[in-house]
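Novice: One structure coming up, written as C-alpha cells, with questions to follow.
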Amino acid sequence: MDDALARLADRYGVATEYWDQQGNHRQVSPDTVVAVLAALGVSAATPVEVDAATTEAELRSWHRVLPPVYVHRRSRTGRIWVHVPHGTTITAHLVWEDGSGSRPATQVEHFVQPREIGDVLVGEAAFEIPADLPLGYHQFQVRTEQGIAYCPLIVTPDRLPDVEPGWGLMVQLYSVRSRRSWGLGDLGDLAELTRQAAEFDGDFVLVNPLYAGSPVEPIEQSPYLPVTRRFPDPLYLDIDRIAAGLSLSEAERQRLSDLHEQVPSIAADRIDRSHIWPVKRAALEELWAAADRDDPEFLMFVSDGGVGLQDFALWCALAEQHGPRWGEWPEDLRDVRAPAVTARFAELEERVQFYSWMQYQLDRQLAQTQSAAEAAGMGIGIIHDIAVGVHPDGCDTWRLAGVVAANTSVGAPPDMYNPMGQDWSSPPWLPEALADAAFVPYRDMIRTTLRHAGGIRIDHVLGLYRQWWIPEGFPPDQGTYVAMDHEALVGILALEAYRVGAVVIGEDLGTVADWMRADMADRGILGTGVLWFERGHTITPPEHWRAQSLTSVTVHDLPPSAGYTAGEHIDVRERLGLLHGTVEEERRDHATEIAEWRRLLHERGWIAQVDVPIAEFVVGLHRCLAASPAVLLGVALPDLTGEVRTQNQPGTHREYPNWSIPLGDGCGRTVPVEELADQELWAQILDVVNR
C-alpha cells in the first residue's frame with residue numbers, strides 16, 4: 001500500500017488493513033481502497049489525484065464557518081471551532097430547540113496558525129460546549145460583521161435507563177397467519193398474538209422489520225431488504241379493522257369477501273407475496289373508495305408526514321407506471337426534485353393520496369397494537385426491527401440519492417460461516433453527506449420506527465461503528481471497512497429512544513470489536529445472546545452469560561430449536577452444497593455438540609434423563625436460558641409449535657424459500673394464531689421463562 005494513498009484513506013476512515021474473525025491480520029488491496037474512495041466522491045486513481053485529494057481534505061473545514069453538525073454527550077464538556085477572517089470579532093449563543101431562549105457561549109483560549117484560503121487569511125476560534133445542557137436538537141449560532149452562521153447542536157443522553165427484566169416472543173409476523181388474515185400475518189394477528197403473550201405476563205413481542213416492499217412485481221421476499229426504512233408495508237394492514245370503521249354497502253362487503261377467497265388458503269405451504277399483494281391492494285382500493293378523504297385526522301397525518309411521506313407515496317405511484325427500479329425510469333424522473341417529478345405529482349395526486357391513506361391506516365393500527373399491549377400490562381410492548389439497509393433501487397435511494405453511496409453495497413467480511421464474505425446489496429450511508437444533512441434522514445428513520453413502539457432492535461449494530469463496503473464489481477471478500485461517526489449515530493439513537501422511553505437492542509453477533517460492545521454497554525444498549533453460540537471448546541455455564549442482553553435459544557437465521565437439535569441446518573446446507581467439510585464430519589461434530597448440551601441439562605436437573613425426546617429437550621434448553629442473568633429472554637415463536645424448518649438460510653434467496661415459510665408444527669402443518677395456545681409446548685415453555 002502506497003503511504004500517500006494510505007494516509008488519504010485514513011482521513012476518510014477507509015481501512016487499509018484489519019483483523020479477521022480468526023485473529024489473522026489482513027491487508028486490503030489498493031484497488032479496493034481506490035474504489036471505496038471513489039464511492040466516497042474522492043478521486044485517488046493516480047499519485048497526482050491522491051495529492052490533490054489530500055490537500056482538499058486538509059482544507060475542507062477551513063472553507064466552513066462552522067462544522068455541519070455537532071453531537072455532544074450531555075455530561076461532557078466539548079468545544080466547537082469557528083473559522084472567520086483573522087481578527088474578526090465573534091459572539092456566539094446556544095439557542096434551544098423549543099424556542100424558549102438562548103444563552104451566551106464562552107470563547108476559550110485556542111491558537112491555531114491562520115490559513116490562507118483563496119485571498120483571505122482565515123483564523124480559527126473555539127467556544128466551549130458545557131456539560132449538563134438540556135437534551136435535544138439545538139443550535140450553536142455565531143455572529144460576526146459578515147452575518148450569522150449556525151450549526152445544529154445535538155445533545156444526547158449519556159446512557160439509557162436500565163431495562164427491567166422480562167421475557168417476550170420473537171416473531172416473523174408474515175409467517176403467523178390466522179383464518180381471517182389475507183395470506184400472511186398482519187397487524188390484526190400481531191394484536192391477537194400480543195394479547196395471548198400478555199396472558200402469560202409477557203413483556204414484549206419482537207417482530208421482523210415491517211418496512212415497505214415494492215408496490216409492484218418483482219416483490220422482494222426478504223423483510224431485511226425493503227424499499228424504505230421509514231414507512232411500513234401495507235401488506236400488513238388488517239383489512240377487517242379498516243372495514244369495521246367504514247359504512248360499507250352489502251355489495252361492497254360482498255366484493256371484499258370475493259377478493260378474500262382469492263388469496264391462498266391457510267393450508268398453503270408457502271407465502272407468495274406476489275400473489276397476495278395484488279388481491280389485497282384491490283381490497284384496499286375498495287375501502288379507499290368508501291373512505292372519507294376529508295377526514296381531519298387523515299389530513300393532519302398527511303400534513304405531519306411532510307415531504308418524506310409525499311416522496312414515498314409518489315415513488316409508489318411512479319413505480320406502478322414505470323416499474324420498481326427507478327434507475328430504469330425516464331431520465332427526467334430519476335431526480336426526486338426535478339421539475340418533471342413535481343409535474344407528475346399533480347397528475348398522480350389520486351394515487352399519491354391512496355398510498356398516503358394506507359400509511360395513515362398503518363399508523364393507526366400500529367398505535368392501537370402498542371396501546372393494547374401496554375393496557376394488557378406488557379412492560380415494553382412491540383419491539384420493531386431496523387434492517388441494515390434498503391433495496392438499491394428502492395424509494396430511499398431515490399429520495400435520499402445524495403446521502404447514500406452509489407455503486408457500492410454493505411456486507412460482511414469472510415468468517416467461519418461464510419468464507420467468501422457476504423454482499424447484502426444495500427447501499428451505505430455516505431458519512432460526510434449524512435453529517436452535512438445534520439443526520440436528519442437517519443433521525444427520521446429512528447423516530448418514525450419508534451413512533452408506536454416500546455423498543456427497537458438494530459440489526460447488525462456493528463454498522464453504526466463501521467461498515468464493510470464492497471465496491472461494484474468486487475467479490476464480497478475484497479471489500480474493506482469504512483468508519484462511521486458512531487458517537488453521532490449511537491447518540492442520536494439514544495436520544496430518540498430516551499424521549500419515548502424505548503428499549504434499544506443491538507444485534508452484535510459475529511465479528512464485533514470488544515470496544516464496540518463496551519460502548520454499547522456504556523450507552524445502555526443491550527446486546528444479543530444466543531444459547532447455541534455459548535459454546536467454544538466447552539459450554540459456558542448460563543450463569544456466566546452476558547446480563548445486559550436479549551438472549552434466546554435460537555434466532556431467525558438458524559433453525560428452530562427442534563430443527564437445530566435434529567440437524568435440520570446440516571440437511572439444508574448439504575442439499576445446497578454449502579458444507580465446509582464432509583457431511584459425515586458435520587454430523588459427527590453436531591452430535592457431539594448436542595450430547596454436551598444434553599449432559600449439561602441433565603446435570604443441572606433441567607431434563608429428567610440425557611436421552612429425553614426432542615420436545616422435552618427444547619423445554620430444558622429454555623430452563624437453561626431462564627437460568628442466565630440476561631435481562632431480557634426471547635422465545636422464538638416456532639419453538640412453541642415444534643417447528644423444524646428454517647425461516648432463512650443466509651445467502652440462499654434463489655436456492656431456498658427464505659422468508660416465505662408459514663408457521664407450522666413439527667410435521668409442517670400450518671398452525672394458525674387461533675391454535676397457538678393449544679400447542680403442547682406453548683404453556684410449558686412460557687411457564688418456564690415467566691417463572
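By order of appearance in the C-alpha cells: chains A, B, ..., then residues from 1 within every chain, and ligands from 1 in the order shown.
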Mind listing the strand (DSSP E) residues of region 15-220 of chain A, per DSSP on the backbone, as number ranges by chain?

Specialist: A: 17-19, 25-27, 70-73, 78-85, 91-95, 102-104, 107-108, 115-117, 120-129, 136-144, 147-156, 166-171, 204-207

Novice: For Val673 (chain A), list every protein, DNA or RNA residue within 10 Å, evaluated using only C-alpha atoms, and leave out those in the same chain fewer than 4 positions away; present the list as a compact mmCIF listing (two decimals) with all heavy atoms, in the first residue's frame.

Specialist:
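Result written to result37.txt:
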# COMPACT_ATOMS: atom_id res chain seq x y z
N VAL A 176 -47.12 -15.71 10.65
CA VAL A 176 -48.09 -16.03 11.70
C VAL A 176 -49.48 -15.66 11.20
O VAL A 176 -49.97 -14.55 11.40
CB VAL A 176 -47.76 -15.26 12.99
CG1 VAL A 176 -48.65 -15.74 14.14
CG2 VAL A 176 -46.30 -15.43 13.35
N ARG A 177 -50.14 -16.61 10.57
CA ARG A 177 -51.43 -16.34 9.92
C ARG A 177 -52.60 -16.81 10.78
O ARG A 177 -52.46 -17.72 11.59
CB ARG A 177 -51.47 -17.05 8.56
CG ARG A 177 -50.32 -16.65 7.64
CD ARG A 177 -50.35 -17.41 6.34
NE ARG A 177 -50.21 -18.84 6.55
CZ ARG A 177 -50.23 -19.76 5.57
NH1 ARG A 177 -50.40 -19.36 4.32
NH2 ARG A 177 -50.08 -21.03 5.84
N SER A 178 -53.72 -16.15 10.56
CA SER A 178 -54.96 -16.59 11.19
C SER A 178 -55.93 -17.01 10.09
O SER A 178 -55.67 -16.82 8.90
CB SER A 178 -55.57 -15.44 12.02
OG SER A 178 -55.87 -14.35 11.17
N ARG A 179 -57.05 -17.55 10.48
CA ARG A 179 -58.03 -17.98 9.48
C ARG A 179 -58.69 -16.78 8.79
O ARG A 179 -59.26 -16.93 7.72
CB ARG A 179 -59.09 -18.86 10.14
CG ARG A 179 -58.52 -20.18 10.68
CD ARG A 179 -59.62 -21.13 11.15
NE ARG A 179 -59.06 -22.37 11.65
CZ ARG A 179 -58.79 -22.60 12.94
NH1 ARG A 179 -59.03 -21.64 13.83
NH2 ARG A 179 -58.27 -23.74 13.32
N ARG A 180 -58.59 -15.59 9.41
CA ARG A 180 -59.23 -14.41 8.84
C ARG A 180 -58.25 -13.55 8.04
O ARG A 180 -58.67 -12.64 7.34
CB ARG A 180 -59.87 -13.56 9.93
CG ARG A 180 -58.97 -13.32 11.14
CD ARG A 180 -59.14 -11.95 11.74
NE ARG A 180 -58.67 -10.92 10.86
CZ ARG A 180 -57.39 -10.55 10.73
NH1 ARG A 180 -56.44 -11.18 11.42
NH2 ARG A 180 -57.04 -9.59 9.93
N SER A 181 -56.94 -13.77 8.17
CA SER A 181 -55.98 -12.89 7.52
C SER A 181 -55.88 -13.21 6.03
O SER A 181 -56.34 -14.25 5.56
CB SER A 181 -54.62 -12.95 8.20
OG SER A 181 -54.14 -14.27 8.29
N GLY A 185 -49.41 -13.10 7.85
CA GLY A 185 -49.72 -12.48 9.13
C GLY A 185 -49.81 -10.97 9.01
O GLY A 185 -49.01 -10.34 8.31
N ASP A 189 -53.30 -9.98 13.45
CA ASP A 189 -52.70 -11.19 14.02
C ASP A 189 -51.68 -10.83 15.10
O ASP A 189 -51.56 -11.51 16.11
CB ASP A 189 -52.04 -12.02 12.93
CG ASP A 189 -53.05 -12.47 11.88
OD1 ASP A 189 -54.18 -12.83 12.25
OD2 ASP A 189 -52.70 -12.46 10.68
N LEU A 190 -50.92 -9.73 14.86
CA LEU A 190 -49.97 -9.28 15.86
C LEU A 190 -50.69 -8.87 17.15
O LEU A 190 -50.24 -9.19 18.26
CB LEU A 190 -49.15 -8.12 15.32
CG LEU A 190 -48.16 -7.47 16.30
CD1 LEU A 190 -47.15 -8.49 16.80
CD2 LEU A 190 -47.45 -6.29 15.64
N GLU A 192 -53.53 -10.03 18.27
CA GLU A 192 -54.01 -11.24 18.94
C GLU A 192 -52.85 -11.98 19.60
O GLU A 192 -52.95 -12.47 20.73
CB GLU A 192 -54.73 -12.14 17.95
CG GLU A 192 -55.14 -13.51 18.48
CD GLU A 192 -56.05 -13.44 19.71
OE1 GLU A 192 -56.70 -12.39 19.93
OE2 GLU A 192 -56.12 -14.45 20.44
N LEU A 193 -51.73 -12.07 18.90
CA LEU A 193 -50.55 -12.73 19.45
C LEU A 193 -50.06 -12.01 20.70
O LEU A 193 -49.69 -12.63 21.70
CB LEU A 193 -49.45 -12.77 18.38
CG LEU A 193 -48.16 -13.50 18.71
CD1 LEU A 193 -48.43 -14.98 18.98
CD2 LEU A 193 -47.17 -13.36 17.57
N GLN A 196 -52.29 -12.85 23.63
CA GLN A 196 -52.04 -14.18 24.18
C GLN A 196 -50.76 -14.20 25.02
O GLN A 196 -50.70 -14.83 26.08
CB GLN A 196 -51.95 -15.20 23.05
CG GLN A 196 -53.27 -15.42 22.32
CD GLN A 196 -53.19 -16.53 21.29
OE1 GLN A 196 -52.48 -17.51 21.48
NE2 GLN A 196 -53.92 -16.39 20.20
N LEU A 663 -45.72 -20.42 9.69
CA LEU A 663 -45.54 -21.09 10.97
C LEU A 663 -46.26 -22.43 10.96
O LEU A 663 -47.44 -22.52 10.63
CB LEU A 663 -46.08 -20.21 12.10
CG LEU A 663 -45.95 -20.76 13.51
CD1 LEU A 663 -44.48 -20.81 13.92
CD2 LEU A 663 -46.75 -19.90 14.49
N ALA A 677 -52.22 -21.24 21.51
CA ALA A 677 -52.30 -21.56 22.93
C ALA A 677 -52.64 -23.02 23.18
O ALA A 677 -52.49 -23.51 24.31
CB ALA A 677 -53.32 -20.65 23.62
N ASP A 678 -53.10 -23.73 22.15
CA ASP A 678 -53.43 -25.16 22.29
C ASP A 678 -52.21 -26.05 22.09
O ASP A 678 -52.28 -27.27 22.33
CB ASP A 678 -54.51 -25.56 21.28
CG ASP A 678 -55.80 -24.80 21.48
OD1 ASP A 678 -56.09 -24.44 22.64
OD2 ASP A 678 -56.51 -24.56 20.49

Novice: Need to verify the contact set: Asn648 (chain A), 10 Å, only C-alpha atoms, exclusion of same-chain residues closer than 3 positions in sequence. Can you return it as a list in words?

Specialist: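 The residues that qualify are Ser222, Val555, His556, Asp557, Leu558, Pro559, Arg645, Gly651, Thr652, His653, Tyr656, Pro657, Asn658, Trp659, Ser660 and Ile661 of chain A.
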
Novice: Using only C-alpha atoms, which residue out of A:Asp519, A:Glu124, A:Glu655, A:Asp258 lies closest to Gly577 (chain A)?

Specialist: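 Of A:Asp519, A:Glu124, A:Glu655, A:Asp258, the one nearest Gly577 (chain A), counting only C-alpha atoms, is A:Glu655.
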
Novice: List the neighbours of region 436-443 of chain A out to 7 Å using only C-alpha atoms; skip same-chain residues closer than 5 positions along the sequence, and give me the result as JSON, numbers by chain.

Specialist: {"A": [68, 69, 152, 492]}

Novice: Point out the residue among A:Pro30, A:Gly78, A:Gly101, A:Pro330 with the least atom-to-atom distance to Ile129 (chain A), counting only C-alpha atoms.

Specialist: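 Result for the nearest residue to Ile129 (chain A): A:Gly78.
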
Novice: Kindly give the distance, in Å, that separates CA of Arg691 (chain A) and CA of Thr540 (chain A), rounded to a single decimal.

Specialist: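 Between CA of Arg691 (chain A) and CA of Thr540 (chain A) the gap is 22.5 Å.
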
Novice: Which neighbours of region 616-628 of chain A fall inside 7 Å, counting only C-alpha atoms, when residues of the same chain fewer than 6 positions from it are skipped, and could you give them as a ChimeraX atom specification?

Specialist: /A:542-543,545,552-553,561-562,601,606-607,685,688-689

Novice: Counting only C-alpha atoms, which residues of region 160-257 of chain A fall within 9 Å of region 395-405 of chain A, and what is the closest atom pair for each with its distance in Å at one decimal, ordered by chain and rising number, as JSON lines?

Specialist:
{"residue": "A:Ser214", "atom": "CA", "partner": "A:Cys395", "partner_atom": "CA", "distance": 8.7}
{"residue": "A:Pro226", "atom": "CA", "partner": "A:Cys395", "partner_atom": "CA", "distance": 9.0}
{"residue": "A:Val227", "atom": "CA", "partner": "A:Cys395", "partner_atom": "CA", "distance": 5.2}
{"residue": "A:Thr228", "atom": "CA", "partner": "A:Asp396", "partner_atom": "CA", "distance": 5.1}
{"residue": "A:Arg229", "atom": "CA", "partner": "A:Asp396", "partner_atom": "CA", "distance": 7.5}
{"residue": "A:Arg230", "atom": "CA", "partner": "A:Asp396", "partner_atom": "CA", "distance": 8.4}

Novice: Which of these residues is nearest to Gly166 (chain A), using only C-alpha atoms: A:Pro232, A:Pro629, A:Gly664, A:Phe140?

Specialist: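 For Gly166 (chain A), the nearest of the given residues is A:Pro629.
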
Novice: Could you name the residues that touch Arg26 (chain A) at 10 Å or less, counting only C-alpha atoms, but leaving out those on the same chain fewer than 4 positions away, as number ranges by chain?

Specialist: A: 16-20

Novice: Please, could you write that set of residues out with N, CA, C and O atoms as an mmCIF file, in the first residue's frame?

Specialist:
data_model
loop_
_atom_site.group_PDB
_atom_site.id
_atom_site.type_symbol
_atom_site.label_atom_id
_atom_site.label_comp_id
_atom_site.auth_asym_id
_atom_site.auth_seq_id
_atom_site.Cartn_x
_atom_site.Cartn_y
_atom_site.Cartn_z
ATOM 1 N N THR A 16 -7.096 0.205 5.552
ATOM 2 C CA THR A 16 -6.144 -0.421 4.633
ATOM 3 C C THR A 16 -5.671 -1.766 5.178
ATOM 4 O O THR A 16 -4.909 -2.474 4.521
ATOM 5 N N GLU A 17 -6.125 -2.101 6.376
ATOM 6 C CA GLU A 17 -5.810 -3.388 6.992
ATOM 7 C C GLU A 17 -6.856 -3.658 8.073
ATOM 8 O O GLU A 17 -7.544 -2.749 8.532
ATOM 9 N N TYR A 18 -6.996 -4.920 8.464
ATOM 10 C CA TYR A 18 -7.930 -5.270 9.532
ATOM 11 C C TYR A 18 -7.572 -6.650 10.054
ATOM 12 O O TYR A 18 -6.760 -7.381 9.467
ATOM 13 N N TRP A 19 -8.174 -7.006 11.176
ATOM 14 C CA TRP A 19 -8.007 -8.338 11.771
ATOM 15 C C TRP A 19 -9.285 -9.127 11.537
ATOM 16 O O TRP A 19 -10.382 -8.648 11.812
ATOM 17 N N ASP A 20 -9.167 -10.339 11.006
ATOM 18 C CA ASP A 20 -10.360 -11.134 10.703
ATOM 19 C C ASP A 20 -10.836 -11.891 11.934
ATOM 20 O O ASP A 20 -10.256 -11.776 13.029
#

Novice: Which one of A:Ala683, A:Ile154, A:Ile570, A:Ala126 sits closest to Leu493 (chain A) if you count only C-alpha atoms?

Specialist: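 With only C-alpha atoms as the atom set, the closest residue is A:Ile154.
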
Novice: Go ahead and compute the interatomic distance for CA of Ser102 (chain A) and CA of Val490 (chain A), in Å to one decimal.

Specialist: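 The value is 26.3 Å.
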
Novice: Separation of CA of Pro638 (chain A) and CA of Tyr236 (chain A), in Å?

Specialist: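 Pair CA of Pro638 (chain A) / CA of Tyr236 (chain A) returns 19.8 Å.
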
Novice: Looking only at the backbone, which of the residues in region 154-371 of chain A does DSSP tag as alpha helix (DSSP H), as a PyMOL selection string?

Specialist: chain A and resi 187-199+239-244+250-260+273-290+296-322+339-347+349-371

Novice: Skipping near chain neighbours, those fewer than 2 positions away, what residues fall within 9 Å of Ser425 (chain A) using only C-alpha atoms, listed as a list in words?

Specialist: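 That gives Leu225, Gly389, Val390, His391, Pro392, Thr408, Ser409, Val410, Gly411, Asp423 and Pro427 of chain A.
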
Novice: Save out the residues we just selected, C-alpha atoms, as a PDB file, in the first residue's frame.

Specialist:
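New file result21.pdb:
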ATOM      1  CA  LEU A 225     -34.237  -5.570   2.052  1.00  0.00           C
ATOM      2  CA  GLY A 389     -30.183  -1.132   4.715  1.00  0.00           C
ATOM      3  CA  VAL A 390     -32.571  -0.823   1.796  1.00  0.00           C
ATOM      4  CA  HIS A 391     -33.030  -2.143  -1.711  1.00  0.00           C
ATOM      5  CA  PRO A 392     -30.573  -0.455  -4.106  1.00  0.00           C
ATOM      6  CA  THR A 408     -21.339   0.139  -3.516  1.00  0.00           C
ATOM      7  CA  SER A 409     -23.039  -2.195  -1.069  1.00  0.00           C
ATOM      8  CA  VAL A 410     -22.544  -3.257   2.517  1.00  0.00           C
ATOM      9  CA  GLY A 411     -21.928  -6.781   3.679  1.00  0.00           C
ATOM     10  CA  ASP A 423     -22.876  -8.964  -0.006  1.00  0.00           C
ATOM     11  CA  PRO A 427     -26.036   0.861  -0.392  1.00  0.00           C
TER      12      PRO A 427
END
